[in-house]
>>> print(open('coords.txt').read())   # compact mmCIF, C-alpha atoms
# COMPACT_ATOMS: atom_id res chain seq x y z
CA MET A 39 0.00 0.00 0.00
CA ASP A 40 1.45 3.34 -1.10
CA LYS A 41 1.42 6.88 0.25
CA LEU A 42 1.89 10.28 -1.38
CA VAL A 43 4.41 12.75 0.04
CA ILE A 44 3.85 16.37 -0.97
CA GLU A 45 5.98 19.45 -0.35
CA GLY A 46 3.43 22.22 -0.68
CA GLY A 47 3.44 25.89 -1.46
CA LYS A 48 4.45 25.74 -5.13
CA PRO A 49 2.09 27.25 -7.72
CA LEU A 50 1.10 24.77 -10.43
CA SER A 51 1.84 25.85 -13.98
CA GLY A 52 2.02 24.35 -17.44
CA THR A 53 -0.23 22.35 -19.73
CA ILE A 54 -2.00 19.05 -19.11
CA ARG A 55 -4.19 16.84 -21.29
CA ILE A 56 -7.15 15.28 -19.46
CA HIS A 57 -7.57 11.53 -19.62
CA GLY A 58 -10.77 9.65 -20.40
CA ALA A 59 -13.72 9.48 -18.05
CA LYS A 60 -13.82 6.55 -15.65
CA ASN A 61 -17.56 6.95 -15.15
CA ALA A 62 -18.13 6.78 -18.90
CA ALA A 63 -15.70 3.93 -19.56
CA LEU A 64 -17.08 1.52 -16.93
CA PRO A 65 -20.68 1.21 -18.22
CA ILE A 66 -19.35 1.16 -21.78
CA LEU A 67 -17.03 -1.73 -20.88
CA ALA A 68 -20.06 -3.52 -19.43
CA ALA A 69 -21.99 -2.78 -22.63
CA SER A 70 -19.26 -4.47 -24.69
CA MET A 71 -20.77 -7.77 -23.46
CA LEU A 72 -23.67 -7.09 -25.84
CA ALA A 73 -21.58 -6.89 -29.02
CA GLU A 74 -21.29 -9.65 -31.58
CA GLY A 75 -17.69 -8.87 -32.42
CA ALA A 76 -14.75 -7.04 -30.93
CA VAL A 77 -15.03 -3.55 -29.45
CA THR A 78 -12.15 -1.05 -29.47
CA LEU A 79 -12.28 1.76 -26.92
CA ARG A 80 -9.91 4.72 -27.02
CA ASN A 81 -8.97 7.27 -24.35
CA VAL A 82 -9.43 4.70 -21.56
CA PRO A 83 -7.44 5.63 -18.43
CA ARG A 84 -5.32 3.12 -16.53
CA LEU A 85 -7.19 3.03 -13.24
CA LEU A 86 -7.83 0.49 -10.52
CA ASP A 87 -11.57 0.44 -11.30
CA ILE A 88 -10.89 -0.15 -15.01
CA GLU A 89 -8.56 -3.03 -14.10
CA VAL A 90 -11.24 -4.59 -11.89
CA MET A 91 -13.87 -4.34 -14.64
CA LEU A 92 -11.50 -5.95 -17.16
CA ASN A 93 -10.77 -8.73 -14.66
CA ILE A 94 -14.50 -9.36 -14.31
CA LEU A 95 -14.95 -9.49 -18.08
CA GLN A 96 -12.08 -11.97 -18.34
CA ASP A 97 -13.65 -14.09 -15.60
CA LEU A 98 -16.85 -14.20 -17.68
CA GLY A 99 -14.89 -15.51 -20.66
CA CYS A 100 -14.12 -12.33 -22.61
CA ARG A 101 -10.74 -11.63 -24.18
CA THR A 102 -9.43 -8.20 -23.25
CA ASP A 103 -6.34 -6.09 -23.84
CA HIS A 104 -5.33 -2.71 -22.43
CA THR A 105 -2.37 -1.15 -24.24
CA GLY A 106 -1.71 2.52 -23.63
CA ASP A 107 -5.11 4.16 -23.57
CA VAL A 108 -6.71 1.64 -25.94
CA VAL A 109 -8.84 -1.26 -24.70
CA THR A 110 -10.17 -4.09 -26.84
CA VAL A 111 -12.89 -6.45 -25.66
CA ASP A 112 -14.01 -9.57 -27.53
CA SER A 113 -17.00 -11.13 -25.77
CA ASN A 114 -17.76 -13.83 -28.35
CA ALA A 115 -16.37 -16.55 -26.09
CA ALA A 116 -18.17 -15.32 -22.94
CA PHE A 117 -19.78 -18.26 -21.20
CA SER A 118 -20.80 -17.11 -17.72
CA SER A 119 -23.40 -14.75 -16.27
CA HIS A 120 -22.16 -15.14 -12.69
CA VAL A 121 -20.04 -12.26 -11.37
CA PRO A 122 -17.89 -13.46 -8.45
CA GLU A 123 -18.62 -11.81 -5.12
CA SER A 124 -14.90 -11.21 -4.50
CA LEU A 125 -14.70 -8.99 -7.60
CA MET A 126 -18.05 -7.25 -7.08
CA ARG A 127 -17.03 -6.11 -3.62
CA LEU A 128 -14.06 -4.26 -5.09
CA MET A 129 -16.12 -1.84 -7.16
CA ARG A 130 -19.66 -0.53 -7.17
CA SER A 131 -19.69 -0.11 -10.96
CA SER A 132 -19.67 -3.90 -11.34
CA VAL A 133 -23.44 -3.57 -10.95
CA PHE A 134 -23.55 -2.29 -14.55
CA LEU A 135 -23.10 -5.88 -15.72
CA MET A 136 -26.58 -6.85 -14.54
CA GLY A 137 -28.38 -5.38 -17.54
CA PRO A 138 -26.03 -6.68 -20.28
CA LEU A 139 -25.71 -10.18 -18.80
CA LEU A 140 -29.46 -10.46 -18.33
CA ALA A 141 -30.04 -9.34 -21.92
CA ARG A 142 -27.43 -11.73 -23.31
CA PHE A 143 -27.90 -14.89 -21.23
CA GLY A 144 -31.42 -14.52 -19.88
CA GLU A 145 -30.12 -14.63 -16.33
CA VAL A 146 -27.49 -13.06 -14.14
CA GLU A 147 -26.14 -13.77 -10.67
CA VAL A 148 -24.45 -10.93 -8.81
CA TYR A 149 -23.91 -9.64 -5.28
CA GLN A 150 -24.33 -6.31 -3.58
CA PRO A 151 -21.49 -4.18 -4.99
CA GLY A 152 -18.69 -2.51 -3.06
CA GLY A 153 -16.97 0.84 -3.66
CA CYS A 154 -16.34 4.03 -1.71
CA ALA A 155 -17.96 4.42 1.70
CA ILE A 156 -19.66 7.76 1.02
CA GLY A 157 -23.15 6.87 2.23
CA GLU A 158 -26.00 4.57 1.40
CA ARG A 159 -26.31 3.78 -2.31
CA LYS A 160 -29.02 1.17 -2.75
CA ILE A 161 -29.58 -0.57 -6.07
CA ASP A 162 -33.35 -0.86 -5.65
CA LEU A 163 -33.95 1.45 -8.64
CA HIS A 164 -31.80 -0.85 -10.78
CA LEU A 165 -33.79 -3.90 -9.70
CA ARG A 166 -37.16 -2.21 -10.16
CA GLY A 167 -36.17 -1.18 -13.67
CA LEU A 168 -35.16 -4.72 -14.60
CA GLN A 169 -38.39 -6.06 -13.09
CA ALA A 170 -40.38 -3.65 -15.25
CA LEU A 171 -38.65 -5.15 -18.29
CA GLY A 172 -39.84 -8.62 -17.26
CA ALA A 173 -37.09 -9.94 -14.99
CA GLU A 174 -37.84 -12.17 -12.02
CA ILE A 175 -35.58 -11.26 -9.12
CA GLN A 176 -34.58 -13.32 -6.09
CA GLU A 177 -32.50 -11.88 -3.27
CA THR A 178 -30.82 -14.08 -0.68
CA GLY A 179 -28.58 -12.13 1.65
CA SER A 180 -26.14 -10.24 -0.60
CA ARG A 181 -26.81 -12.59 -3.55
CA ILE A 182 -29.10 -11.38 -6.36
CA VAL A 183 -30.38 -13.61 -9.17
CA CYS A 184 -32.32 -12.13 -12.12
CA LYS A 185 -33.99 -14.26 -14.81
CA ALA A 186 -35.96 -13.40 -17.93
CA GLU A 187 -36.62 -15.56 -20.98
CA ARG A 188 -37.24 -12.41 -23.01
CA LEU A 189 -37.05 -8.80 -21.91
CA THR A 190 -39.91 -6.59 -23.06
CA GLY A 191 -39.92 -2.81 -23.35
CA ALA A 192 -41.83 -0.77 -20.80
CA GLU A 193 -42.28 2.71 -19.38
CA ILE A 194 -40.08 3.06 -16.30
CA ILE A 195 -40.41 6.01 -13.96
CA LEU A 196 -37.44 6.70 -11.69
CA ASP A 197 -38.15 8.26 -8.29
CA PHE A 198 -34.64 9.77 -8.34
CA PRO A 199 -32.42 10.53 -11.37
CA SER A 200 -29.97 7.72 -10.57
CA VAL A 201 -27.09 7.56 -13.01
CA GLY A 202 -26.46 3.87 -12.42
CA ALA A 203 -30.10 2.86 -12.69
CA THR A 204 -30.57 4.88 -15.88
CA GLU A 205 -27.53 3.23 -17.46
CA ASN A 206 -28.41 -0.30 -16.30
CA ILE A 207 -31.91 -0.01 -17.73
CA MET A 208 -30.50 1.31 -21.03
CA LEU A 209 -28.10 -1.65 -21.17
CA ALA A 210 -30.89 -4.18 -20.59
CA ALA A 211 -33.45 -2.52 -22.86
CA VAL A 212 -31.28 -2.11 -25.95
CA LEU A 213 -31.87 -5.78 -26.90
CA ALA A 214 -35.38 -6.01 -25.41
CA SER A 215 -38.50 -6.49 -27.52
CA GLY A 216 -40.27 -3.20 -28.18
CA ARG A 217 -39.86 0.31 -26.84
CA THR A 218 -38.59 1.32 -23.40
CA THR A 219 -39.05 4.84 -22.00
CA ILE A 220 -37.14 5.97 -18.90
CA VAL A 221 -38.94 8.90 -17.29
CA GLY A 222 -36.99 10.89 -14.69
CA ALA A 223 -33.68 9.70 -16.15
CA ALA A 224 -30.35 11.10 -15.04
CA ARG A 225 -28.85 13.61 -17.48
CA GLU A 226 -25.10 13.25 -16.91
CA PRO A 227 -22.63 13.46 -19.84
CA GLU A 228 -21.60 9.86 -19.13
CA ILE A 229 -25.14 8.75 -20.00
CA GLN A 230 -24.91 10.67 -23.26
CA ASP A 231 -21.64 8.85 -23.99
CA LEU A 232 -23.29 5.49 -23.32
CA GLU A 233 -26.05 6.42 -25.78
CA ARG A 234 -23.43 7.27 -28.40
CA PHE A 235 -21.69 3.94 -27.84
CA LEU A 236 -24.85 1.85 -28.00
CA ASN A 237 -25.86 3.61 -31.20
CA ALA A 238 -22.37 3.08 -32.65
CA MET A 239 -22.98 -0.66 -32.14
CA GLY A 240 -26.33 -0.45 -33.93
CA GLY A 241 -28.67 0.46 -31.07
CA LYS A 242 -31.58 2.88 -31.28
CA VAL A 243 -31.37 5.15 -28.23
CA THR A 244 -32.50 8.77 -28.05
CA GLY A 245 -32.98 11.41 -25.38
CA ALA A 246 -29.82 10.99 -23.30
CA GLY A 247 -29.02 14.32 -21.69
CA THR A 248 -32.73 14.96 -21.04
CA ASP A 249 -34.97 13.49 -18.34
CA THR A 250 -36.61 11.09 -20.82
CA VAL A 251 -34.57 8.40 -22.57
CA CYS A 252 -36.17 6.18 -25.24
CA ILE A 253 -34.78 2.83 -26.36
CA GLU A 254 -36.12 0.90 -29.34
CA GLY A 255 -35.00 -2.67 -28.92
CA VAL A 256 -32.92 -4.24 -31.71
CA GLU A 257 -32.12 -7.87 -32.53
CA SER A 258 -28.35 -7.61 -32.25
CA LEU A 259 -25.40 -5.27 -31.79
CA SER A 260 -22.03 -5.32 -33.55
CA GLY A 261 -18.51 -4.33 -32.57
CA CYS A 262 -17.26 -0.79 -33.11
CA ASP A 263 -14.39 1.65 -32.58
CA PHE A 264 -15.22 4.35 -30.01
CA GLU A 265 -13.51 7.16 -28.08
CA ILE A 266 -14.42 7.86 -24.44
CA ILE A 267 -15.15 11.46 -23.40
CA PRO A 268 -12.64 13.30 -21.18
CA ASP A 269 -13.14 13.01 -17.44
CA ARG A 270 -15.00 16.08 -16.14
CA ILE A 271 -14.17 15.26 -12.50
CA VAL A 272 -10.45 14.96 -13.19
CA THR A 273 -10.73 18.21 -15.16
CA GLY A 274 -12.40 19.91 -12.21
CA THR A 275 -9.83 18.51 -9.78
CA VAL A 276 -6.96 20.02 -11.78
CA MET A 277 -8.81 23.33 -12.12
CA VAL A 278 -9.29 23.61 -8.36
CA ALA A 279 -5.67 22.58 -7.69
CA ALA A 280 -4.45 25.31 -10.05
CA ALA A 281 -6.54 27.90 -8.24
CA ALA A 282 -5.72 26.68 -4.71
CA THR A 283 -1.98 26.91 -5.41
CA ARG A 284 -2.39 30.30 -7.12
CA GLY A 285 -1.11 28.84 -10.34
CA ASP A 286 -1.54 29.16 -14.10
CA VAL A 287 -2.58 25.91 -15.77
CA THR A 288 -3.86 25.17 -19.28
CA LEU A 289 -6.04 22.09 -19.66
CA THR A 290 -6.52 20.52 -23.10
CA GLY A 291 -8.87 17.81 -24.33
CA THR A 292 -11.66 19.02 -22.05
CA ARG A 293 -15.41 19.50 -22.39
CA PRO A 294 -16.08 22.89 -20.75
CA GLY A 295 -19.82 22.46 -21.31
CA HIS A 296 -19.76 19.56 -18.83
CA LEU A 297 -18.45 21.85 -16.07
CA THR A 298 -20.51 25.01 -16.31
CA SER A 299 -21.53 24.84 -12.63
CA LEU A 300 -17.92 24.54 -11.42
CA ILE A 301 -16.72 27.30 -13.75
CA HIS A 302 -19.48 29.57 -12.41
CA VAL A 303 -18.57 28.90 -8.76
CA MET A 304 -14.83 29.34 -9.33
CA ARG A 305 -15.37 32.63 -11.13
CA ARG A 306 -17.48 33.79 -8.17
CA ALA A 307 -14.44 32.94 -6.03
CA GLY A 308 -12.34 35.31 -8.13
CA VAL A 309 -10.55 32.70 -10.26
CA HIS A 310 -9.85 33.71 -13.87
CA ILE A 311 -10.92 31.02 -16.38
CA ASP A 312 -10.51 31.33 -20.14
CA VAL A 313 -12.45 28.88 -22.33
CA GLU A 314 -11.79 28.21 -26.02
CA ASN A 315 -13.20 25.05 -27.63
CA ASP A 316 -11.68 22.11 -25.70
CA ILE A 317 -9.04 24.23 -23.94
CA MET A 318 -9.36 25.94 -20.56
CA ARG A 319 -6.82 28.13 -18.81
CA VAL A 320 -7.09 28.65 -15.05
CA ILE A 321 -5.25 31.58 -13.47
CA ALA A 322 -5.30 32.60 -9.80
CA ARG A 323 -2.93 35.34 -8.67
CA SER A 324 -4.47 36.20 -5.32
CA ARG A 325 -6.37 34.68 -2.41
CA PRO A 326 -9.78 33.38 -3.48
CA LYS A 327 -13.01 34.98 -2.28
CA SER A 328 -15.65 33.13 -0.28
CA VAL A 329 -18.80 31.81 -1.97
CA ASP A 330 -21.96 32.23 0.04
CA ARG A 331 -23.75 29.04 -1.02
CA VAL A 332 -22.94 25.94 -3.08
CA VAL A 333 -25.45 23.05 -3.23
CA THR A 334 -24.60 19.67 -4.74
CA SER A 335 -27.33 18.06 -6.82
CA PRO A 336 -27.68 15.83 -9.90
CA TYR A 337 -26.33 17.13 -13.22
CA PRO A 338 -26.34 19.85 -14.48
CA ALA A 339 -26.14 21.27 -10.94
CA PHE A 340 -22.90 21.28 -8.94
CA PRO A 341 -21.50 17.70 -8.83
CA THR A 342 -21.10 15.91 -5.52
CA ASP A 343 -17.88 14.41 -6.94
CA LEU A 344 -16.27 17.89 -6.87
CA GLN A 345 -17.58 19.01 -3.50
CA ALA A 346 -14.53 17.87 -1.49
CA GLN A 347 -12.08 19.44 -3.96
CA LEU A 348 -13.92 22.77 -4.01
CA MET A 349 -13.88 22.81 -0.21
CA ILE A 350 -10.07 23.08 -0.30
CA LEU A 351 -10.32 26.30 -2.30
CA LEU A 352 -12.99 27.69 0.03
CA SER A 353 -11.03 26.72 3.14
CA ILE A 354 -8.33 29.24 2.17
CA ALA A 355 -10.73 31.87 0.82
CA ASP A 356 -11.32 35.29 2.33
CA GLY A 357 -14.63 35.05 4.21
CA VAL A 358 -17.23 32.42 5.08
CA SER A 359 -18.57 29.94 2.52
CA VAL A 360 -21.47 27.50 2.82
CA VAL A 361 -21.60 24.09 1.08
CA LYS A 362 -24.68 21.89 1.26
CA GLU A 363 -24.41 18.21 0.28
CA THR A 364 -27.71 16.74 -0.92
CA VAL A 365 -26.60 13.57 -2.76
CA PHE A 366 -24.58 11.42 -0.32
CA GLU A 367 -24.80 11.68 3.44
CA GLY A 368 -21.24 10.38 3.92
CA ARG A 369 -19.49 12.94 1.77
CA PHE A 370 -17.89 15.05 4.52
CA LYS A 371 -15.30 12.54 5.76
CA HIS A 372 -12.47 14.76 4.54
CA VAL A 373 -13.46 17.57 6.91
CA ASP A 374 -11.75 16.11 9.99
CA GLU A 375 -8.56 15.59 8.01
CA LEU A 376 -8.67 19.18 6.75
CA GLY A 377 -9.11 20.34 10.34
CA ARG A 378 -5.78 18.70 11.12
CA MET A 379 -4.25 20.88 8.41
CA GLY A 380 -5.63 24.06 9.97
CA ALA A 381 -8.95 24.44 8.13
CA ASP A 382 -11.85 26.02 10.05
CA ILE A 383 -14.96 24.05 9.04
CA ARG A 384 -18.13 23.45 11.08
CA LEU A 385 -20.66 20.82 10.09
CA ASP A 386 -24.39 20.95 10.72
CA LEU A 387 -26.01 17.79 9.35
CA ASN A 388 -25.51 18.02 5.56
CA THR A 389 -24.16 21.58 5.52
CA ALA A 390 -20.56 22.78 5.94
CA PHE A 391 -19.77 26.30 7.13
CA ILE A 392 -16.23 27.15 6.02
CA ARG A 393 -14.37 30.12 7.52
CA GLY A 394 -11.38 30.66 5.27
CA VAL A 395 -7.92 30.69 6.81
CA PRO A 396 -4.84 32.35 5.27
CA GLN A 397 -2.86 29.11 5.12
CA LEU A 398 -3.14 25.33 5.47
CA TYR A 399 -0.27 23.38 7.03
CA GLY A 400 1.17 20.04 6.05
CA THR A 401 0.64 16.94 8.18
CA THR A 402 -0.23 13.27 7.76
CA VAL A 403 -3.78 12.62 6.55
CA GLU A 404 -5.75 9.61 5.34
CA ALA A 405 -7.93 9.31 2.24
CA SER A 406 -11.34 7.84 3.16
CA ASP A 407 -12.64 7.63 -0.41
CA LEU A 408 -11.75 8.56 -3.98
CA ARG A 409 -12.78 12.22 -4.10
CA ALA A 410 -11.82 12.97 -0.49
CA GLY A 411 -8.37 11.61 -1.30
CA ALA A 412 -8.04 13.88 -4.33
CA ALA A 413 -9.08 16.83 -2.18
CA LEU A 414 -6.37 16.04 0.38
CA VAL A 415 -3.79 15.97 -2.41
CA ILE A 416 -4.91 19.46 -3.46
CA ALA A 417 -4.69 20.57 0.18
CA GLY A 418 -1.16 19.21 0.38
CA LEU A 419 -0.13 21.04 -2.79
CA ALA A 420 -1.50 24.31 -1.40
CA ALA A 421 -0.26 23.85 2.19
CA ASP A 422 2.85 25.12 3.87
CA GLY A 423 5.22 22.24 4.56
CA ARG A 424 5.05 18.48 4.01
CA THR A 425 1.82 16.53 3.70
CA THR A 426 1.62 12.74 3.63
CA VAL A 427 -1.56 11.23 2.18
CA GLU A 428 -2.17 7.60 3.14
CA GLN A 429 -4.66 5.04 1.74
CA VAL A 430 -3.76 6.09 -1.79
CA HIS A 431 -5.52 3.07 -3.32
CA HIS A 432 -8.77 5.04 -3.03
CA ILE A 433 -7.32 7.77 -5.27
CA ASP A 434 -6.01 5.23 -7.79
CA ARG A 435 -9.61 4.19 -8.48
CA GLY A 436 -10.25 7.42 -10.39
CA TYR A 437 -6.96 9.21 -11.20
CA ASP A 438 -4.31 7.86 -13.57
CA ARG A 439 -1.08 8.26 -11.55
CA ILE A 440 -2.11 11.46 -9.80
CA GLU A 441 1.46 12.08 -8.63
CA GLN A 442 2.69 12.21 -12.25
CA MET A 443 -0.25 14.38 -13.23
CA PHE A 444 0.64 17.07 -10.69
CA SER A 445 4.42 16.73 -10.82
CA GLY A 446 4.14 17.44 -14.55
CA LEU A 447 2.68 20.81 -13.55
CA GLY A 448 5.51 21.58 -11.13
CA GLY A 449 4.04 20.09 -7.99
CA ASP A 450 6.50 18.47 -5.57
CA ILE A 451 4.75 15.14 -5.08
CA MET A 452 6.01 11.58 -5.04
CA ARG A 453 4.66 8.11 -4.37
CA LEU A 454 6.41 5.99 -1.75
CA PRO A 455 5.72 2.55 -0.30
CA PHE A 456 3.74 2.71 2.93
CA GLU A 457 5.90 1.68 5.88
CA ARG A 458 3.87 0.01 8.60
CA VAL A 459 5.05 0.75 12.12
CA THR A 460 5.20 -2.39 14.26
CA THR A 461 5.64 -2.65 17.99
CA GLY A 462 8.49 -4.93 19.05
CA SER A 463 8.10 -7.52 21.80
CA HIS A 464 9.48 -6.86 25.26
CA ARG A 465 11.02 -9.41 27.61
>>> encode(input="coords.txt", output="structure tokens")
Amino acid sequence: MDKLVIEGGKPLSGTIRIHGAKNAALPILAASMLAEGAVTLRNVPRLLDIEVMLNILQDLGCRTDHTGDVVTVDSNAAFSSHVPESLMRLMRSSVFLMGPLLARFGEVEVYQPGGCAIGERKIDLHLRGLQALGAEIQETGSRIVCKAERLTGAEIILDFPSVGATENIMLAAVLASGRTTIVGAAREPEIQDLERFLNAMGGKVTGAGTDTVCIEGVESLSGCDFEIIPDRIVTGTVMVAAAATRGDVTLTGTRPGHLTSLIHVMRRAGVHIDVENDIMRVIARSRPKSVDRVVTSPYPAFPTDLQAQLMILLSIADGVSVVKETVFEGRFKHVDELGRMGADIRLDLNTAFIRGVPQLYGTTVEASDLRAGAALVIAGLAADGRTTVEQVHHIDRGYDRIEQMFSGLGGDIMRLPFERVTTGSHR
């Protein structure tokens, strides 16, 4: 298990190209199970979650290869619809395989998925959607078995715009008989990318990016060559890090339209952001200003996955900022660690009141989840002195070698093996 050691206080500067989106690549990898023929995916980052998904596909009988940022998946030899519990517990996104496996084999056996401990994330909306398509579902403890001789299109109304449920229903319905309409669908860019991929394979999906997605079932899907969109959360993480260190960073290969809420908030904080096509330049020459109210909510509102990172910028801003978290109740686990670095943050249920301090100070902190870990790295880059971030495996789930990403921009950050302290025996 590794740790990151950061010598803070150096402004980030330079140019960085943003890698592909983890949250787009994972459901698309699951969707490759539906293709009759090989699928080639480009701009796929080398992440722990991607590795786990490829391991699952291999366990099901697929042939996979990941060279550079190109992944190929050939599912023609797939023989199993049982996802091992040991692999499912490593990653929540393994749940995306329910829809494709059910559509392909007529049954699927999975377990409650794992992932970051950021609050309760039930999969009841996934199961209800599959039931509406005709699946019979049996739950025994953590084991879930779904069966359907033939899936049939239906109108499915989601009580909450769940990204995962929307995608899983799309994946099951694309080969179903008839028309499926998802009302109250999530609108995230990753769902739009999944629509593009399914259609590239021969699917008939429309409406992604709105709250109503329509899927006309087709008889079969073929292989294709497809490029994953850039990761908007990695983009936002670098943008905040540039501002928190009072740097000057140019980001290329981005989709600024996917980050309008973050751009708006950062400009309110006094950060200068230039946007031209797929290029953004972030410049911060002075201490940021406080922002009176930021509320996380489903896309296109401010993303919960950037809440922890933004809090670093606000913790060193001039004045008091308020951040309300409405998506996950466990998304403030980084606050105690920031307090150890000198941040002044008070929590009241799902709201954080942040009184900006002039400076954060380096210490040893622990990443509790993916985005909290990224936030602590930003804090370390902005802090005075040395910061050690432990439990780096959480960060590796969503950032392709984060230490190289920031050291390429002038950050003093390195990865070292974690040295466990043991207590010797006494006679």
>>> atom_distance(input="coords.txt", atom1="atom CA of A:Glu367", atom2="atom CA of A:Val415")
22.2 Å
>>> closest_residue(input="coords.txt", among="A:Val332, A:Lys185, A:Asp40, A:Ala116", to="A:His302", atoms="only C-alpha atoms")
A:Val332
>>> closest_residue(input="coords.txt", among="A:Lys242, A:Arg306, A:Arg127, A:Arg393", to="A:Ser353", atoms="all atoms listed in the file")
A:Arg393
>>> residues_around(input="coords.txt", residues="stretch 252-258 of chain A", least_positions_apart="5", cutoff="12 Å", atoms="all atoms listed in the file", output="PyMOL selection string")
chain A and resi 71-75+141-142+171+188-194+204-205+207-223+233+236-237+239-247
>>> atom_distance(input="coords.txt", atom1="atom CA of A:Asp316", atom2="atom CA of A:Thr248")
22.7 Å
>>> closest_atom_pairs(input="coords.txt", of="stretch 256-307 of chain A", to="stretch 445-448 of chain A", cutoff="10 Å", atoms="all atoms listed in the file", output="JSON lines")
{"residue": "A:Val276", "atom": "CA", "partner": "A:Leu447", "partner_atom": "CA", "distance": 9.8}
{"residue": "A:Ala280", "atom": "CA", "partner": "A:Leu447", "partner_atom": "CA", "distance": 9.1}
{"residue": "A:Gly285", "atom": "CA", "partner": "A:Leu447", "partner_atom": "CA", "distance": 9.4}
{"residue": "A:Asp286", "atom": "CA", "partner": "A:Leu447", "partner_atom": "CA", "distance": 9.4}
{"residue": "A:Val287", "atom": "CA", "partner": "A:Leu447", "partner_atom": "CA", "distance": 7.7}
{"residue": "A:Thr288", "atom": "CA", "partner": "A:Leu447", "partner_atom": "CA", "distance": 9.7}
>>> residues_around(input="coords.txt", residues="A:Pro227", least_positions_apart="4", cutoff="10 Å", atoms="all atoms listed in the file", output="ChimeraX atom specification")
/A:59,61-62,231-233,246-247,267,269-270,293,295-296,337-338
>>> write_last_selection(input="coords.txt", atoms="C-alpha atoms", output="compact mmCIF listing (two decimals), keeping the file's coordinate frame")
# COMPACT_ATOMS: atom_id res chain seq x y z
CA ALA A 59 -13.72 9.48 -18.05
CA ASN A 61 -17.56 6.95 -15.15
CA ALA A 62 -18.13 6.78 -18.90
CA ASP A 231 -21.64 8.85 -23.99
CA LEU A 232 -23.29 5.49 -23.32
CA GLU A 233 -26.05 6.42 -25.78
CA ALA A 246 -29.82 10.99 -23.30
CA GLY A 247 -29.02 14.32 -21.69
CA ILE A 267 -15.15 11.46 -23.40
CA ASP A 269 -13.14 13.01 -17.44
CA ARG A 270 -15.00 16.08 -16.14
CA ARG A 293 -15.41 19.50 -22.39
CA GLY A 295 -19.82 22.46 -21.31
CA HIS A 296 -19.76 19.56 -18.83
CA TYR A 337 -26.33 17.13 -13.22
CA PRO A 338 -26.34 19.85 -14.48
